[in-house]
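Student: What follows is a structure written as C-alpha cells; I'll ask about it next.
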Amino acid sequence: MEDPGGRALRDSYDAVAARYADAIGGELAPKVLDRALLAAFVELTEGGTIADVGCGPGHVAAWLAARGARVVGVDLSEGMIEVARSRHPGPEYRVGSMLALPLDDGGLRGALALYAIIHLDDAERELAMRELARVLEPNGWLLLAFHVADAEHRPGDVLHLTEWMGEAVDVRFRFLAPDAIVASLEAAGFALHARVEREPVEGAEHPSARCMLLARRR
C-alpha cells in the first residue's frame, strides 16, 4: 500500500480498509502455490525477523506468524494497520512507507512485498528496492509479487481507479514486466534465486497473470 504522490493512495486505502480486509482476508486458502512459497520463505528465514512490507490488513503476517516466523508488518495506511492490529494481533505493526522504511539497517532475515510495488512509478520502485536491500542482512531473502497482465492490460499499463468498494479513491495499479523487475532487483544488489509466473486462481482473485520473485541480498 505505497504512496507515490502524497496522500492520495494512503487516504484511499484508509477509506476502504475494513471492506478490503473482508474481501481478501481468506485469500490464501485456495492459493496452494502461494502458500507453498510462503512456507518455504518461513523456512529460509528461520531464526530471523521478516518484514511484511505493504502488509495491508495483516492476514499474511498472521499466516507467517502462525508458522513460527517473527514478523513485523509495515503499511502506509494507518487504517490498514488499525485493522491488522484488531483482526490479527500477534505480529508487530508499524505505519511507514516503502520509500523510507521504519526499520534498521540490516535488521531483517527476510522481507516480502506482495503486490506493494504495483503502486510505484519507475523511480519510486528503484528507491523501494534499495530500501529493501538496506533493511536486509547480508544474504537476507526477499519475496516480491506483482501483476503482469490481464485481459485488458499488458506490462507497462496503468489501471487508475477513482471509485472502489463504494468509496471515492485515487489508486493506480501498474502491470509490470518480470524481466524489468529482475533487472531492478539486480541493480539494487539482489541475486535472483527463483521466478514463478502463474495464471490467476479462478474465483479467488483479480483475473491477472502474476509473478513471484525470490531473491537474495548479495
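Identifiers in the C-alpha cells: chain A, B, ... in order shown; residue index from 1 per chain; ligand index from 1 in order shown.
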Using only C-alpha atoms, which residues sit within 10 Å of region 61-69 of chain A once same-chain residues fewer than 5 positions away are excluded, as a PyMOL selection string?
Tutor: chain A and resi 28+35+38-39+41-43+45-53+55-56+74+84+87-93+112
Student: Report as CSV the residues of region 110-161 of chain A within 6 Å of region 166-185 of chain A, each with its shortest atom pair and distance in Å (one decimal), using only C-alpha atoms, ordered by chain and increasing residue number.
Tutor:
```
residue,atom,partner,partner_atom,distance
A:Ile118,CA,A:Arg174,CA,4.8
A:His119,CA,A:Phe173,CA,5.4
A:His147,CA,A:Phe175,CA,5.2
A:Val148,CA,A:Phe175,CA,4.9
A:Ala149,CA,A:Phe175,CA,5.8
A:Pro155,CA,A:Leu176,CA,4.7
A:Gly156,CA,A:Phe175,CA,5.5
A:Asp157,CA,A:Phe175,CA,5.6
A:Val158,CA,A:Arg174,CA,4.5
A:Leu159,CA,A:Phe173,CA,5.1
A:His160,CA,A:Arg172,CA,4.4
A:Leu161,CA,A:Val171,CA,5.2
```
Student: Give me, as a PyMOL selection string, all polymer residues having an atom no more than 6 Å from region 102-107 of chain A, counting only C-alpha atoms and skipping those fewer than 5 positions away in the same chain.
Tutor: chain A and resi 96+134-137
Student: Restricted to C-alpha atoms, what would the selected residues look like written as a short mmCIF file (atom, residue, chain, number, x, y, z; two decimals), in the first residue's frame?
Tutor:
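Wrote it out as selection_32.cif, contents follow:
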```cif
data_model
loop_
_atom_site.label_atom_id
_atom_site.label_comp_id
_atom_site.auth_asym_id
_atom_site.auth_seq_id
_atom_site.Cartn_x
_atom_site.Cartn_y
_atom_site.Cartn_z
CA GLY A 96 5.56 3.53 7.21
CA ARG A 134 19.14 -1.70 3.17
CA VAL A 135 16.99 -3.37 5.82
CA LEU A 136 18.10 -6.93 4.98
CA GLU A 137 21.14 -8.58 6.47
#
```
Student: Name the residues in contact with region 206-215 of chain A at a cut-off of 10 Å, using only C-alpha atoms, excluding same-chain residues fewer than 4 positions from it; report them as a PDB file with N, CA, C and O atoms, in the first residue's frame.
Tutor:
```pdb
ATOM      1  N   ASP A  34       0.988 -20.148  -3.776  1.00  0.00           N
ATOM      2  CA  ASP A  34       1.418 -19.018  -2.948  1.00  0.00           C
ATOM      3  C   ASP A  34       1.753 -19.484  -1.536  1.00  0.00           C
ATOM      4  O   ASP A  34       2.760 -19.071  -0.948  1.00  0.00           O
ATOM      5  N   LEU A  37       5.107 -21.202  -1.418  1.00  0.00           N
ATOM      6  CA  LEU A  37       6.228 -20.261  -1.461  1.00  0.00           C
ATOM      7  C   LEU A  37       6.389 -19.544  -0.125  1.00  0.00           C
ATOM      8  O   LEU A  37       7.523 -19.331   0.341  1.00  0.00           O
ATOM      9  N   PHE A  41       9.523 -19.634   2.404  1.00  0.00           N
ATOM     10  CA  PHE A  41      10.135 -18.391   2.876  1.00  0.00           C
ATOM     11  C   PHE A  41      10.328 -18.420   4.394  1.00  0.00           C
ATOM     12  O   PHE A  41      11.359 -17.985   4.907  1.00  0.00           O
ATOM     13  N   GLY A 110      14.490 -11.541   6.387  1.00  0.00           N
ATOM     14  CA  GLY A 110      13.692 -11.617   5.172  1.00  0.00           C
ATOM     15  C   GLY A 110      12.705 -10.474   5.076  1.00  0.00           C
ATOM     16  O   GLY A 110      12.327  -9.865   6.082  1.00  0.00           O
ATOM     17  N   LEU A 112       9.092  -9.465   2.566  1.00  0.00           N
ATOM     18  CA  LEU A 112       8.230  -9.759   1.440  1.00  0.00           C
ATOM     19  C   LEU A 112       7.385  -8.532   1.142  1.00  0.00           C
ATOM     20  O   LEU A 112       7.021  -7.771   2.035  1.00  0.00           O
ATOM     21  N   ALA A 113       7.132  -8.325  -0.138  1.00  0.00           N
ATOM     22  CA  ALA A 113       6.313  -7.212  -0.598  1.00  0.00           C
ATOM     23  C   ALA A 113       5.366  -7.781  -1.647  1.00  0.00           C
ATOM     24  O   ALA A 113       5.739  -7.929  -2.814  1.00  0.00           O
ATOM     25  N   LEU A 114       4.178  -8.143  -1.204  1.00  0.00           N
ATOM     26  CA  LEU A 114       3.207  -8.794  -2.074  1.00  0.00           C
ATOM     27  C   LEU A 114       2.263  -7.739  -2.638  1.00  0.00           C
ATOM     28  O   LEU A 114       1.454  -7.168  -1.905  1.00  0.00           O
ATOM     29  N   TYR A 115       2.400  -7.463  -3.911  1.00  0.00           N
ATOM     30  CA  TYR A 115       1.554  -6.502  -4.609  1.00  0.00           C
ATOM     31  C   TYR A 115       1.667  -5.097  -4.001  1.00  0.00           C
ATOM     32  O   TYR A 115       0.702  -4.337  -4.012  1.00  0.00           O
ATOM     33  N   ASN A 139      22.883 -11.656   2.600  1.00  0.00           N
ATOM     34  CA  ASN A 139      22.273 -12.933   2.227  1.00  0.00           C
ATOM     35  C   ASN A 139      20.825 -13.066   2.692  1.00  0.00           C
ATOM     36  O   ASN A 139      20.252 -14.159   2.625  1.00  0.00           O
ATOM     37  N   GLY A 140      20.231 -11.964   3.149  1.00  0.00           N
ATOM     38  CA  GLY A 140      18.817 -11.992   3.507  1.00  0.00           C
ATOM     39  C   GLY A 140      17.939 -12.206   2.284  1.00  0.00           C
ATOM     40  O   GLY A 140      18.331 -11.928   1.140  1.00  0.00           O
ATOM     41  N   TRP A 141      16.710 -12.674   2.524  1.00  0.00           N
ATOM     42  CA  TRP A 141      15.807 -13.091   1.449  1.00  0.00           C
ATOM     43  C   TRP A 141      14.701 -12.068   1.197  1.00  0.00           C
ATOM     44  O   TRP A 141      14.178 -11.458   2.143  1.00  0.00           O
ATOM     45  N   LEU A 142      14.336 -11.915  -0.062  1.00  0.00           N
ATOM     46  CA  LEU A 142      13.250 -11.033  -0.469  1.00  0.00           C
ATOM     47  C   LEU A 142      12.281 -11.813  -1.358  1.00  0.00           C
ATOM     48  O   LEU A 142      12.706 -12.521  -2.273  1.00  0.00           O
ATOM     49  N   LEU A 143      10.981 -11.653  -1.090  1.00  0.00           N
ATOM     50  CA  LEU A 143       9.941 -12.253  -1.927  1.00  0.00           C
ATOM     51  C   LEU A 143       9.021 -11.149  -2.421  1.00  0.00           C
ATOM     52  O   LEU A 143       8.402 -10.438  -1.613  1.00  0.00           O
ATOM     53  N   LEU A 144       8.944 -10.990  -3.730  1.00  0.00           N
ATOM     54  CA  LEU A 144       8.086  -9.996  -4.358  1.00  0.00           C
ATOM     55  C   LEU A 144       6.965 -10.682  -5.129  1.00  0.00           C
ATOM     56  O   LEU A 144       7.165 -11.750  -5.703  1.00  0.00           O
ATOM     57  N   ALA A 145       5.798 -10.036  -5.178  1.00  0.00           N
ATOM     58  CA  ALA A 145       4.711 -10.493  -6.048  1.00  0.00           C
ATOM     59  C   ALA A 145       4.098  -9.276  -6.717  1.00  0.00           C
ATOM     60  O   ALA A 145       3.984  -8.204  -6.110  1.00  0.00           O
ATOM     61  N   PHE A 146       3.674  -9.451  -7.969  1.00  0.00           N
ATOM     62  CA  PHE A 146       3.087  -8.339  -8.703  1.00  0.00           C
ATOM     63  C   PHE A 146       2.251  -8.861  -9.866  1.00  0.00           C
ATOM     64  O   PHE A 146       2.387 -10.005 -10.300  1.00  0.00           O
ATOM     65  N   HIS A 147       1.371  -7.978 -10.351  1.00  0.00           N
ATOM     66  CA  HIS A 147       0.549  -8.287 -11.520  1.00  0.00           C
ATOM     67  C   HIS A 147       1.365  -8.075 -12.792  1.00  0.00           C
ATOM     68  O   HIS A 147       2.115  -7.101 -12.902  1.00  0.00           O
ATOM     69  N   VAL A 148       1.183  -8.959 -13.753  1.00  0.00           N
ATOM     70  CA  VAL A 148       1.874  -8.857 -15.047  1.00  0.00           C
ATOM     71  C   VAL A 148       0.918  -8.367 -16.139  1.00  0.00           C
ATOM     72  O   VAL A 148       1.247  -7.435 -16.885  1.00  0.00           O
ATOM     73  N   ALA A 149      -0.256  -8.967 -16.254  1.00  0.00           N
ATOM     74  CA  ALA A 149      -1.191  -8.615 -17.321  1.00  0.00           C
ATOM     75  C   ALA A 149      -2.557  -9.204 -16.992  1.00  0.00           C
ATOM     76  O   ALA A 149      -2.681 -10.131 -16.191  1.00  0.00           O
ATOM     77  N   ASP A 150      -3.584  -8.627 -17.615  1.00  0.00           N
ATOM     78  CA  ASP A 150      -4.904  -9.240 -17.587  1.00  0.00           C
ATOM     79  C   ASP A 150      -5.528  -9.077 -18.968  1.00  0.00           C
ATOM     80  O   ASP A 150      -4.831  -8.718 -19.935  1.00  0.00           O
ATOM     81  N   ALA A 151      -6.812  -9.320 -19.086  1.00  0.00           N
ATOM     82  CA  ALA A 151      -7.452  -9.304 -20.405  1.00  0.00           C
ATOM     83  C   ALA A 151      -7.387  -7.937 -21.075  1.00  0.00           C
ATOM     84  O   ALA A 151      -7.413  -7.844 -22.307  1.00  0.00           O
ATOM     85  N   GLU A 152      -7.277  -6.884 -20.287  1.00  0.00           N
ATOM     86  CA  GLU A 152      -7.306  -5.527 -20.836  1.00  0.00           C
ATOM     87  C   GLU A 152      -5.991  -4.783 -20.688  1.00  0.00           C
ATOM     88  O   GLU A 152      -5.863  -3.663 -21.205  1.00  0.00           O
ATOM     89  N   HIS A 153      -5.021  -5.337 -19.977  1.00  0.00           N
ATOM     90  CA  HIS A 153      -3.784  -4.619 -19.680  1.00  0.00           C
ATOM     91  C   HIS A 153      -2.572  -5.496 -19.930  1.00  0.00           C
ATOM     92  O   HIS A 153      -2.570  -6.686 -19.611  1.00  0.00           O
ATOM     93  N   ARG A 154      -1.528  -4.874 -20.463  1.00  0.00           N
ATOM     94  CA  ARG A 154      -0.253  -5.519 -20.709  1.00  0.00           C
ATOM     95  C   ARG A 154       0.787  -4.909 -19.783  1.00  0.00           C
ATOM     96  O   ARG A 154       0.556  -3.841 -19.193  1.00  0.00           O
ATOM     97  N   PHE A 175       0.850  -2.736 -14.083  1.00  0.00           N
ATOM     98  CA  PHE A 175       1.176  -4.078 -14.546  1.00  0.00           C
ATOM     99  C   PHE A 175       2.643  -4.065 -14.964  1.00  0.00           C
ATOM    100  O   PHE A 175       3.075  -3.190 -15.729  1.00  0.00           O
ATOM    101  N   LEU A 176       3.411  -5.022 -14.467  1.00  0.00           N
ATOM    102  CA  LEU A 176       4.866  -4.953 -14.556  1.00  0.00           C
ATOM    103  C   LEU A 176       5.448  -6.139 -15.314  1.00  0.00           C
ATOM    104  O   LEU A 176       4.957  -7.270 -15.198  1.00  0.00           O
ATOM    105  N   ALA A 177       6.506  -5.867 -16.052  1.00  0.00           N
ATOM    106  CA  ALA A 177       7.199  -6.912 -16.811  1.00  0.00           C
ATOM    107  C   ALA A 177       8.207  -7.618 -15.903  1.00  0.00           C
ATOM    108  O   ALA A 177       9.075  -6.958 -15.313  1.00  0.00           O
ATOM    109  N   PRO A 178       8.127  -8.926 -15.766  1.00  0.00           N
ATOM    110  CA  PRO A 178       9.055  -9.625 -14.878  1.00  0.00           C
ATOM    111  C   PRO A 178      10.527  -9.341 -15.162  1.00  0.00           C
ATOM    112  O   PRO A 178      11.322  -9.164 -14.233  1.00  0.00           O
ATOM    113  N   ILE A 181      11.591  -6.106 -13.603  1.00  0.00           N
ATOM    114  CA  ILE A 181      11.691  -6.148 -12.141  1.00  0.00           C
ATOM    115  C   ILE A 181      12.940  -6.922 -11.716  1.00  0.00           C
ATOM    116  O   ILE A 181      13.619  -6.553 -10.756  1.00  0.00           O
ATOM    117  N   VAL A 182      13.264  -7.983 -12.431  1.00  0.00           N
ATOM    118  CA  VAL A 182      14.515  -8.706 -12.142  1.00  0.00           C
ATOM    119  C   VAL A 182      15.706  -7.775 -12.307  1.00  0.00           C
ATOM    120  O   VAL A 182      16.621  -7.752 -11.472  1.00  0.00           O
ATOM    121  N   LEU A 185      15.914  -5.470  -9.347  1.00  0.00           N
ATOM    122  CA  LEU A 185      16.448  -6.187  -8.185  1.00  0.00           C
ATOM    123  C   LEU A 185      17.966  -6.292  -8.260  1.00  0.00           C
ATOM    124  O   LEU A 185      18.671  -6.030  -7.276  1.00  0.00           O
ATOM    125  N   GLU A 186      18.452  -6.692  -9.400  1.00  0.00           N
ATOM    126  CA  GLU A 186      19.899  -6.863  -9.549  1.00  0.00           C
ATOM    127  C   GLU A 186      20.627  -5.542  -9.391  1.00  0.00           C
ATOM    128  O   GLU A 186      21.701  -5.482  -8.770  1.00  0.00           O
ATOM    129  N   GLY A 189      21.224  -4.703  -5.788  1.00  0.00           N
ATOM    130  CA  GLY A 189      22.116  -5.547  -5.011  1.00  0.00           C
ATOM    131  C   GLY A 189      21.568  -6.911  -4.663  1.00  0.00           C
ATOM    132  O   GLY A 189      22.070  -7.568  -3.744  1.00  0.00           O
ATOM    133  N   PHE A 190      20.561  -7.364  -5.407  1.00  0.00           N
ATOM    134  CA  PHE A 190      19.991  -8.685  -5.166  1.00  0.00           C
ATOM    135  C   PHE A 190      20.413  -9.663  -6.268  1.00  0.00           C
ATOM    136  O   PHE A 190      20.685  -9.259  -7.403  1.00  0.00           O
ATOM    137  N   ALA A 191      20.426 -10.933  -5.919  1.00  0.00           N
ATOM    138  CA  ALA A 191      20.626 -12.008  -6.895  1.00  0.00           C
ATOM    139  C   ALA A 191      19.352 -12.842  -6.946  1.00  0.00           C
ATOM    140  O   ALA A 191      18.852 -13.293  -5.910  1.00  0.00           O
ATOM    141  N   LEU A 192      18.818 -13.026  -8.142  1.00  0.00           N
ATOM    142  CA  LEU A 192      17.589 -13.790  -8.292  1.00  0.00           C
ATOM    143  C   LEU A 192      17.831 -15.260  -7.947  1.00  0.00           C
ATOM    144  O   LEU A 192      18.803 -15.864  -8.390  1.00  0.00           O
ATOM    145  N   HIS A 193      16.928 -15.831  -7.170  1.00  0.00           N
ATOM    146  CA  HIS A 193      17.029 -17.239  -6.780  1.00  0.00           C
ATOM    147  C   HIS A 193      15.960 -18.083  -7.458  1.00  0.00           C
ATOM    148  O   HIS A 193      16.230 -19.211  -7.870  1.00  0.00           O
ATOM    149  N   ALA A 194      14.746 -17.545  -7.573  1.00  0.00           N
ATOM    150  CA  ALA A 194      13.654 -18.295  -8.205  1.00  0.00           C
ATOM    151  C   ALA A 194      12.642 -17.317  -8.785  1.00  0.00           C
ATOM    152  O   ALA A 194      12.455 -16.210  -8.264  1.00  0.00           O
ATOM    153  N   ARG A 195      11.997 -17.751  -9.850  1.00  0.00           N
ATOM    154  CA  ARG A 195      10.985 -16.939 -10.541  1.00  0.00           C
ATOM    155  C   ARG A 195       9.798 -17.834 -10.860  1.00  0.00           C
ATOM    156  O   ARG A 195       9.954 -18.864 -11.514  1.00  0.00           O
ATOM    157  N   VAL A 196       8.624 -17.442 -10.388  1.00  0.00           N
ATOM    158  CA  VAL A 196       7.405 -18.208 -10.610  1.00  0.00           C
ATOM    159  C   VAL A 196       6.384 -17.292 -11.269  1.00  0.00           C
ATOM    160  O   VAL A 196       6.055 -16.227 -10.731  1.00  0.00           O
ATOM    161  N   GLU A 197       5.885 -17.684 -12.429  1.00  0.00           N
ATOM    162  CA  GLU A 197       4.806 -16.964 -13.083  1.00  0.00           C
ATOM    163  C   GLU A 197       3.602 -17.891 -13.136  1.00  0.00           C
ATOM    164  O   GLU A 197       3.733 -19.064 -13.483  1.00  0.00           O
ATOM    165  N   ARG A 198       2.449 -17.352 -12.794  1.00  0.00           N
ATOM    166  CA  ARG A 198       1.262 -18.203 -12.753  1.00  0.00           C
ATOM    167  C   ARG A 198       0.038 -17.460 -13.272  1.00  0.00           C
ATOM    168  O   ARG A 198      -0.022 -16.232 -13.302  1.00  0.00           O
ATOM    169  N   GLU A 199      -0.953 -18.254 -13.656  1.00  0.00           N
ATOM    170  CA  GLU A 199      -2.248 -17.731 -14.042  1.00  0.00           C
ATOM    171  C   GLU A 199      -3.091 -17.480 -12.791  1.00  0.00           C
ATOM    172  O   GLU A 199      -2.787 -18.000 -11.708  1.00  0.00           O
ATOM    173  N   PRO A 200      -4.146 -16.692 -12.898  1.00  0.00           N
ATOM    174  CA  PRO A 200      -4.962 -16.408 -11.714  1.00  0.00           C
ATOM    175  C   PRO A 200      -5.695 -17.634 -11.193  1.00  0.00           C
ATOM    176  O   PRO A 200      -6.000 -18.558 -11.945  1.00  0.00           O
ATOM    177  N   VAL A 201      -5.936 -17.625  -9.900  1.00  0.00           N
ATOM    178  CA  VAL A 201      -6.755 -18.658  -9.273  1.00  0.00           C
ATOM    179  C   VAL A 201      -8.217 -18.256  -9.477  1.00  0.00           C
ATOM    180  O   VAL A 201      -8.678 -17.242  -8.943  1.00  0.00           O
ATOM    181  N   GLU A 202      -8.928 -19.038 -10.257  1.00  0.00           N
ATOM    182  CA  GLU A 202     -10.285 -18.662 -10.677  1.00  0.00           C
ATOM    183  C   GLU A 202     -11.207 -18.464  -9.483  1.00  0.00           C
ATOM    184  O   GLU A 202     -11.282 -19.297  -8.581  1.00  0.00           O
TER     185      GLU A 202
END
```
Student: Based on DSSP run over this structure's backbone, return all residues of region 3-218 of chain A in strand (DSSP E), as a PyMOL selection string.
Tutor: chain A and resi 49-53+70-75+92-95+108-114+136-149+158-164+167-174+190-198+209-217
Student: Using DSSP on the backbone coordinates, identify the residues of region 95-201 of chain A assigned to helix (DSSP H, G or I); present them as a list in words.
Tutor: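 Restricting region 95-201 of chain A to helix (DSSP H, G or I) produces Ile117, Ile118, His119, Asp122, Ala123, Glu124, Arg125, Glu126, Leu127, Ala128, Met129, Arg130, Glu131, Leu132, Ala133, Arg134, Val135, Pro178, Asp179, Ala180, Ile181, Val182, Ala183, Ser184, Leu185, Glu186 and Ala187 of chain A.
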Student: Please save C-alpha atoms of the selected residues as a compact mmCIF listing (two decimals), in the first residue's frame.
Tutor:
```
# COMPACT_ATOMS: atom_id res chain seq x y z
CA ILE A 117 5.41 -2.26 -5.75
CA ILE A 118 2.49 -2.07 -8.20
CA HIS A 119 1.63 1.41 -6.90
CA ASP A 122 9.82 3.61 -12.05
CA ALA A 123 11.88 5.99 -9.92
CA GLU A 124 9.98 5.14 -6.74
CA ARG A 125 10.33 1.45 -7.44
CA GLU A 126 14.12 1.77 -7.74
CA LEU A 127 14.21 3.60 -4.39
CA ALA A 128 11.99 0.94 -2.78
CA MET A 129 14.33 -1.80 -4.00
CA ARG A 130 17.27 -0.03 -2.40
CA GLU A 131 15.32 0.36 0.83
CA LEU A 132 14.50 -3.34 0.86
CA ALA A 133 18.19 -4.12 0.38
CA ARG A 134 19.14 -1.70 3.17
CA VAL A 135 16.99 -3.37 5.82
CA PRO A 178 9.06 -9.62 -14.88
CA ASP A 179 12.34 -9.06 -16.75
CA ALA A 180 12.28 -5.37 -15.81
CA ILE A 181 11.69 -6.15 -12.14
CA VAL A 182 14.52 -8.71 -12.14
CA ALA A 183 16.81 -6.03 -13.59
CA SER A 184 15.73 -3.59 -10.85
CA LEU A 185 16.45 -6.19 -8.19
CA GLU A 186 19.90 -6.86 -9.55
CA ALA A 187 20.67 -3.14 -9.76
```
Student: Suppose you want the space between CA of Arg216 (chain A) and CA of Pro138 (chain A); what is it in Å?
Tutor: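 Calculated distance between CA of Arg216 (chain A) and CA of Pro138 (chain A) is 8.3 Å.
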Student: Just checking: using only C-alpha atoms, which residue out of A:Val32, A:Ala40, A:Val95, A:Leu120 ends up closest to Pro57 (chain A)?
Tutor: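 Nearest candidate to Pro57 (chain A) out of A:Val32, A:Ala40, A:Val95, A:Leu120: A:Val95.
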Student: Between CA of Glu82 (chain A) and CA of Arg7 (chain A), what distance in Å does the model show, to one decimal?
Tutor: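 Atom-to-atom, CA of Glu82 (chain A) and CA of Arg7 (chain A) are spaced 17.5 Å apart.
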Student: Name the closest residue to Gly58 (chain A) among the candidates A:Arg70, A:Asp22, A:Val83, A:Pro30; distances are taken between atoms, counting only C-alpha atoms.
Tutor: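 For Gly58 (chain A), the nearest of the candidates is A:Val83.
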